[in-house]
Amino acid sequence: MKSEILYPGAFPMVRVELAEGEHIKAESGAMVACSPTIDIESKMEGGFLGALSRKFLTGEKFFFQTLRASRGAGEVLLAPTVPGEIVVLDLDGVNEYMVQKDGFLAGADGVTIDSQMQSMSRGLLGGEGFFILKMSGKGMLLLNSFGAIHKVELKPSQEYIVDNSHLVAWSTTTSYNIEKATSGWVASFTSGEGFVCRFRGPGIVFIQSRNPGGFGAWVRQFIPISE
Amino acid sequence: MTPLPNALCFGDEFPASGVPCLVHVEEHLLMIAFPSDRERAEGRSEEVPFSELTVSAGGLDHDQLVIKWVGSTGPRTLYLKNLDVIRAFRQAAPEHLTMPLERAAQQVRQVRQRHRMVWGIIGGTFLAIVLGLWFGSDLLVELALDRIPVEWEQKLGESAYHDFLVRQDVMKEGLAVAAVTEMTRRLSDSIPNNPYTFQITVVKSDVVNAFALPGGYIVVFTGLMKKAESPEEVAGVLAHELNHVLERHGLERIVKQLGIVAVVSIVLGNQQGMGGVMKQLGVELMTLKFGRAQETEADLTGLQLLHRAKINPSGMITFFQRLAEKDEGRVEWLSTHPMSSARAERLQAELAEMPKEDYEPFAFDWAKVRTALGTSPGTTP
């Protein structure tokens with residue numbers, strides 16, 4: 001399985017080359033185009049209950065689509081819904097990543113997707129909800145972001161502070177605490193940051209350069225209200 | 001086939017995501033082998049004696065074992081998740097590591113326990129609220145009812161009462177009215193601390209019915225009186241209806257129908273908003289059906305009231321039974337007061353337990369009352 005990011009930048013697309021018999025699972029609706037040798041299947045990853053929990057707990061889609069090169073080698077073009085970058089990770093069986101619900105685009109068959117419960121404070125204040133996706137296993141993983149994707153590399157014990165709505169994915173060797181952006185409660189919210197995540201290395205944190213919620217609020221002011 | 005890596009190693013010269021490695025626990029040292037396909041640590045391995053290690057718990061959920069040491073190329077950190085390796089390490093670890101290992105394990109347990117506890121508390125609270133609303137609503141309703149003044153209830157009942165009577169043929173005077181008035185007087189005289197002034201109206205109608213509105217407004221249909229063989233039977237129905245008023249059953253139903261929000265607003269003192277809603281509900285009051293529990297309550301308290309007023313309570317029971325047996329005509333009272341043998345039996349049992357009392361007859365002649373109503377004295381209803 002080989003992948004290549006086309007048109008890197010705000011509106012990228014991924015070309016994934018599948019050998020005969022190989023398949024890739026992608027977020028439902030991610031397929032843009034594919035070779036005639038590719039079969040598109042809809043699959044409830046993790047069984048019915050797994051899919052159900054993913055749907056209701058993380059807000060991810062109930063079905064994933066599986067693109068299978070069953071009648072010979074071929075290629076698949078995949079794209080996310082929102083404008084923003086795509087990043088390709090290679091899971092080695094030891095590295096694991098937590099991914100916020102809109103961050104998953106596609107994964108090789110060896111990649112396992114679980115919804116995992118967060119701790120109370122992280123669930124309440126982290127902005128990702130109580131359940132997030134955990135990616136483990138072996139193989140290629142495609143993540144997408146809103147805006148550009150930025151990789152923060154943390155050495156052991158190195159700390160970094162990220163606004164919670166800009167998080168895309170982070171490795172499970174990192175740990176983080178939710179805290180107020182400033183020392184005072186009022187200033188925390190008037191500064192526009194509210195809560196932030198203090199990450200501690202080692203590991204990698206992927207952040208997105210735009211905040212989807214903030215963008216939504218900005219767009220809303222231009223939408224006429226009809227009565 | 002080479003075994004798969006089971007840990008991540010971090011160090012100054014390694015990438016930030018860490019290098020997968022294969023950790024093997026030997027007798028006095030950790031053997032860390034790096035897979036050969038990594039360009040920086042090509043196929044080499046490190047041996048670290050236990051004496052150089054420090055351990056702690058770490059990772060996103062504090063569920064990984066973090067092993068640190070300073071190697072020849074700088075500080076190294078190992079993140080272990082594989083349970084088999086951790087177990088082997090704990091077994092082989094020397095004395096100076098037992099304490100930190102135990103502490104790390106303790107930490108993992110604590111985090112897990114806290115997780116469980118927090119979710120348990122949340123689940124428990126949720127369950128408690130649901131159960132509390134389910135079982136405690138009656139208590140809330142009671143609380144709310146206590147805060148509604150009797151005058152309110154009267155106003156509400158009064159408007160519904162007048163609305164109803166406008167469309168009916170009301171009996172203003174006569175033997176029947178006098179009889180019912182006497183019954184009511186005897187009954188209400190036996191109610192201690194009665195906050196209500198009962199208003200009884202006799203309505204000319206063949207419908208066998210009688211009902212009570214909140215605030216003490218009671219309507220008796222002549223059809224019911226014609227059906228009764230003795231005044232005690234009518235008094236029994238009256239006692240039952242009076243107790244619906246006394247126990248504020250109508251109000252209770254309304255409050256339950258309005259729901260918990262209204263109940264809370266009453267408890268918290270917002271009575272103004274309730275006025276309009278109650279007026280609206282006034283019409284619905286006519287069709288208000290009391291619950292089974294309320295019926296039983298009115299039955300029993302009615303029986304006791306009859307007893308206190310020295311009116312023979314067996315009239316109440318026989319009338320109920322007779323109405324149930326002969327379902328002829330428009331016996332509306334039964335549709336709202338379904339008669340069951342269990343109900344009559346309960347009343348019988350209750351009556352049997354009461355001390356014997358010398359019941360006093362009414363001053364009026366029931367036969368004359370019935371004649372005045374248009375029933376020939378000989379006919380059995």
# chains A, B, ... in the order shown; residues from 1 in each chain; ligands from 1
call {"tool": "closest_atom_pairs", "arguments": {"of": "chain A", "to": "chain B", "cutoff": "6 Å", "atoms": "only C-alpha atoms", "output": "tab-separated table"}}
result
residue	atom	partner	partner_atom	distance
A:Glu153	CA	B:Ala16	CA	5.1
A:Leu154	CA	B:Ala16	CA	5.9
A:Thr172	CA	B:Leu60	CA	5.1
A:Thr173	CA	B:Gly59	CA	4.3
A:Thr174	CA	B:Gly59	CA	5.3
A:Ser175	CA	B:Leu60	CA	4.1
A:Gly203	CA	B:Ser17	CA	4.8
A:Ile204	CA	B:Ser17	CA	5.6
call {"tool": "select_by_dssp", "arguments": {"residues": "chain A", "states": "strand (DSSP E or B)", "output": "ChimeraX atom specification"}}
result
/A:2-6,13-18,23-27,31-34,39-43,64-68,74-78,84,86-92,97-99,104-108,111-117,131-144,147,149-154,159-163,167-171,175-180,195-200,203-208
call {"tool": "residues_around", "arguments": {"residues": "Tyr176 of chain A", "least_positions_apart": "2", "cutoff": "8 Å", "atoms": "only C-alpha atoms", "output": "ChimeraX atom specification"}}
result
/A:174,178,197-200 /B:60
call {"tool": "write_last_selection", "arguments": {"atoms": "N, CA and C atoms", "output": "compact mmCIF listing (two decimals), in the first residue's frame"}}
result
# COMPACT_ATOMS: atom_id res chain seq x y z
N THR A 174 2.39 10.61 25.62
CA THR A 174 2.26 11.95 26.22
C THR A 174 1.20 11.88 27.31
N ILE A 178 -5.74 19.48 31.85
CA ILE A 178 -6.53 20.62 31.39
C ILE A 178 -6.37 21.73 32.42
N CYS A 197 -4.66 22.71 27.10
CA CYS A 197 -4.11 21.43 27.51
C CYS A 197 -2.60 21.60 27.69
N ARG A 198 -2.12 21.22 28.86
CA ARG A 198 -0.68 21.24 29.08
C ARG A 198 -0.14 19.83 28.82
N PHE A 199 0.51 19.67 27.67
CA PHE A 199 1.05 18.38 27.29
C PHE A 199 2.44 18.20 27.87
N ARG A 200 2.75 16.94 28.18
CA ARG A 200 4.07 16.62 28.68
C ARG A 200 4.59 15.43 27.89
N LEU B 60 -0.53 8.60 28.83
CA LEU B 60 -1.78 9.38 28.80
C LEU B 60 -2.71 9.03 29.95
call {"tool": "atom_distance", "arguments": {"atom1": "atom CA of Ser188 of chain B", "atom2": "atom CA of Glu233 of chain B"}}
result
16.7 Å
call {"tool": "atom_distance", "arguments": {"atom1": "atom CA of Leu300 of chain B", "atom2": "atom CA of Gly132 of chain B"}}
result
28.5 Å
call {"tool": "residues_around", "arguments": {"residues": "Met140 of chain A", "least_positions_apart": "2", "cutoff": "12 Å", "atoms": "only C-alpha atoms", "output": "mmCIF file with N, CA and C atoms, in the first residue's frame"}}
result
data_model
loop_
_atom_site.group_PDB
_atom_site.id
_atom_site.type_symbol
_atom_site.label_atom_id
_atom_site.label_comp_id
_atom_site.auth_asym_id
_atom_site.auth_seq_id
_atom_site.Cartn_x
_atom_site.Cartn_y
_atom_site.Cartn_z
ATOM 1 N N MET A 1 0.850 -1.201 0.000
ATOM 2 C CA MET A 1 0.000 0.000 0.000
ATOM 3 C C MET A 1 0.882 1.245 0.000
ATOM 4 N N LYS A 2 0.697 2.056 -1.015
ATOM 5 C CA LYS A 2 1.498 3.286 -1.091
ATOM 6 C C LYS A 2 0.542 4.477 -1.102
ATOM 7 N N SER A 3 0.992 5.573 -0.536
ATOM 8 C CA SER A 3 0.120 6.744 -0.552
ATOM 9 C C SER A 3 0.907 7.974 -0.947
ATOM 10 N N GLU A 4 0.165 8.912 -1.542
ATOM 11 C CA GLU A 4 0.801 10.136 -1.981
ATOM 12 C C GLU A 4 -0.207 11.266 -1.786
ATOM 13 N N VAL A 16 -4.151 6.573 -2.832
ATOM 14 C CA VAL A 16 -3.671 5.352 -2.204
ATOM 15 C C VAL A 16 -3.653 4.254 -3.260
ATOM 16 N N GLU A 17 -2.490 3.642 -3.402
ATOM 17 C CA GLU A 17 -2.376 2.545 -4.369
ATOM 18 C C GLU A 17 -2.531 1.225 -3.637
ATOM 19 N N HIS A 23 -6.903 -3.825 1.146
ATOM 20 C CA HIS A 23 -8.019 -2.897 1.328
ATOM 21 C C HIS A 23 -7.693 -1.840 2.375
ATOM 22 N N ILE A 24 -8.477 -0.772 2.346
ATOM 23 C CA ILE A 24 -8.264 0.347 3.251
ATOM 24 C C ILE A 24 -9.632 0.758 3.774
ATOM 25 N N LYS A 25 -9.705 1.147 5.057
ATOM 26 C CA LYS A 25 -10.994 1.649 5.550
ATOM 27 C C LYS A 25 -10.903 3.154 5.688
ATOM 28 N N ALA A 26 -11.970 3.796 5.297
ATOM 29 C CA ALA A 26 -11.965 5.254 5.283
ATOM 30 C C ALA A 26 -13.242 5.772 5.912
ATOM 31 N N VAL A 87 -2.239 14.283 6.890
ATOM 32 C CA VAL A 87 -0.936 13.780 7.297
ATOM 33 C C VAL A 87 -0.979 12.259 7.287
ATOM 34 N N VAL A 88 0.127 11.675 6.877
ATOM 35 C CA VAL A 88 0.218 10.215 6.811
ATOM 36 C C VAL A 88 1.104 9.733 7.950
ATOM 37 N N LEU A 89 0.583 8.842 8.776
ATOM 38 C CA LEU A 89 1.383 8.263 9.854
ATOM 39 C C LEU A 89 1.574 6.788 9.562
ATOM 40 N N ASP A 90 2.674 6.279 10.061
ATOM 41 C CA ASP A 90 2.908 4.853 9.911
ATOM 42 C C ASP A 90 2.922 4.235 11.299
ATOM 43 N N LEU A 91 1.888 3.506 11.637
ATOM 44 C CA LEU A 91 1.841 2.871 12.952
ATOM 45 C C LEU A 91 2.699 1.619 12.929
ATOM 46 N N ASP A 92 3.518 1.463 13.965
ATOM 47 C CA ASP A 92 4.476 0.359 13.973
ATOM 48 C C ASP A 92 4.095 -0.744 14.943
ATOM 49 N N GLY A 93 2.882 -0.681 15.486
ATOM 50 C CA GLY A 93 2.460 -1.711 16.419
ATOM 51 C C GLY A 93 2.731 -1.347 17.864
ATOM 52 N N PHE A 104 -9.976 11.523 11.891
ATOM 53 C CA PHE A 104 -9.684 10.303 11.145
ATOM 54 C C PHE A 104 -10.145 10.400 9.701
ATOM 55 N N LEU A 105 -9.234 10.066 8.765
ATOM 56 C CA LEU A 105 -9.628 10.037 7.358
ATOM 57 C C LEU A 105 -9.638 8.594 6.836
ATOM 58 N N ALA A 106 -8.531 7.897 7.037
ATOM 59 C CA ALA A 106 -8.477 6.519 6.554
ATOM 60 C C ALA A 106 -7.379 5.755 7.264
ATOM 61 N N GLY A 107 -7.481 4.448 7.227
ATOM 62 C CA GLY A 107 -6.459 3.621 7.856
ATOM 63 C C GLY A 107 -6.339 2.290 7.148
ATOM 64 N N ALA A 108 -5.143 1.732 7.163
ATOM 65 C CA ALA A 108 -4.925 0.416 6.581
ATOM 66 C C ALA A 108 -5.663 -0.622 7.414
ATOM 67 N N ASP A 109 -5.770 -1.815 6.880
ATOM 68 C CA ASP A 109 -6.553 -2.839 7.559
ATOM 69 C C ASP A 109 -5.969 -3.202 8.924
ATOM 70 N N GLY A 110 -4.643 -3.088 9.058
ATOM 71 C CA GLY A 110 -4.006 -3.452 10.325
ATOM 72 C C GLY A 110 -4.224 -2.453 11.431
ATOM 73 N N VAL A 111 -4.840 -1.317 11.109
ATOM 74 C CA VAL A 111 -5.058 -0.274 12.114
ATOM 75 C C VAL A 111 -6.368 -0.561 12.860
ATOM 76 N N THR A 112 -6.290 -0.588 14.174
ATOM 77 C CA THR A 112 -7.476 -0.847 14.988
ATOM 78 C C THR A 112 -8.020 0.477 15.512
ATOM 79 N N MET A 135 -6.188 4.921 18.038
ATOM 80 C CA MET A 135 -5.673 4.198 16.879
ATOM 81 C C MET A 135 -4.468 3.384 17.310
ATOM 82 N N SER A 136 -4.564 2.089 17.101
ATOM 83 C CA SER A 136 -3.411 1.258 17.413
ATOM 84 C C SER A 136 -3.231 0.255 16.288
ATOM 85 N N GLY A 137 -2.268 -0.622 16.424
ATOM 86 C CA GLY A 137 -2.041 -1.619 15.393
ATOM 87 C C GLY A 137 -0.887 -1.232 14.499
ATOM 88 N N LYS A 138 -0.938 -1.767 13.273
ATOM 89 C CA LYS A 138 0.202 -1.613 12.395
ATOM 90 C C LYS A 138 -0.302 -1.204 11.026
ATOM 91 N N LEU A 142 -4.189 7.791 8.012
ATOM 92 C CA LEU A 142 -4.320 9.127 7.434
ATOM 93 C C LEU A 142 -5.190 9.987 8.339
ATOM 94 N N LEU A 143 -4.643 11.120 8.752
ATOM 95 C CA LEU A 143 -5.413 12.052 9.578
ATOM 96 C C LEU A 143 -5.628 13.327 8.793
#
call {"tool": "closest_residue", "arguments": {"among": "B:Leu303, B:Val369, B:Val108, B:Ser205", "to": "Gln348 of chain B", "atoms": "only C-alpha atoms"}}
result
B:Leu303
call {"tool": "closest_residue", "arguments": {"among": "B:Ile191, B:Ile317, B:Val130, B:Ala363", "to": "Leu347 of chain B", "atoms": "only C-alpha atoms"}}
result
B:Ile317
call {"tool": "closest_residue", "arguments": {"among": "A:Phe222, A:Phe64, A:Trp170, A:Phe206", "to": "Met98 of chain A", "atoms": "only C-alpha atoms"}}
result
A:Trp170
call {"tool": "residues_around", "arguments": {"residues": "Leu101 of chain B", "least_positions_apart": "5", "cutoff": "9 Å", "atoms": "only C-alpha atoms", "output": "NGL selection string"}}
result
:B and (55-57 or 65 or 90 or 93 or 106)
call {"tool": "residues_around", "arguments": {"residues": "Pro212 of chain A", "least_positions_apart": "2", "cutoff": "8 Å", "atoms": "only C-alpha atoms", "output": "list in words"}}
result
Phe146, Ser165, Arg210, Gly214, Phe215 and Gly216 of chain A
call {"tool": "select_by_dssp", "arguments": {"residues": "segment 32-227 of chain A", "states": "helix (DSSP H, G or I)", "output": "PyMOL selection string"}}
result
chain A and resi 47-58+120-125+164-166+185-190+212-220
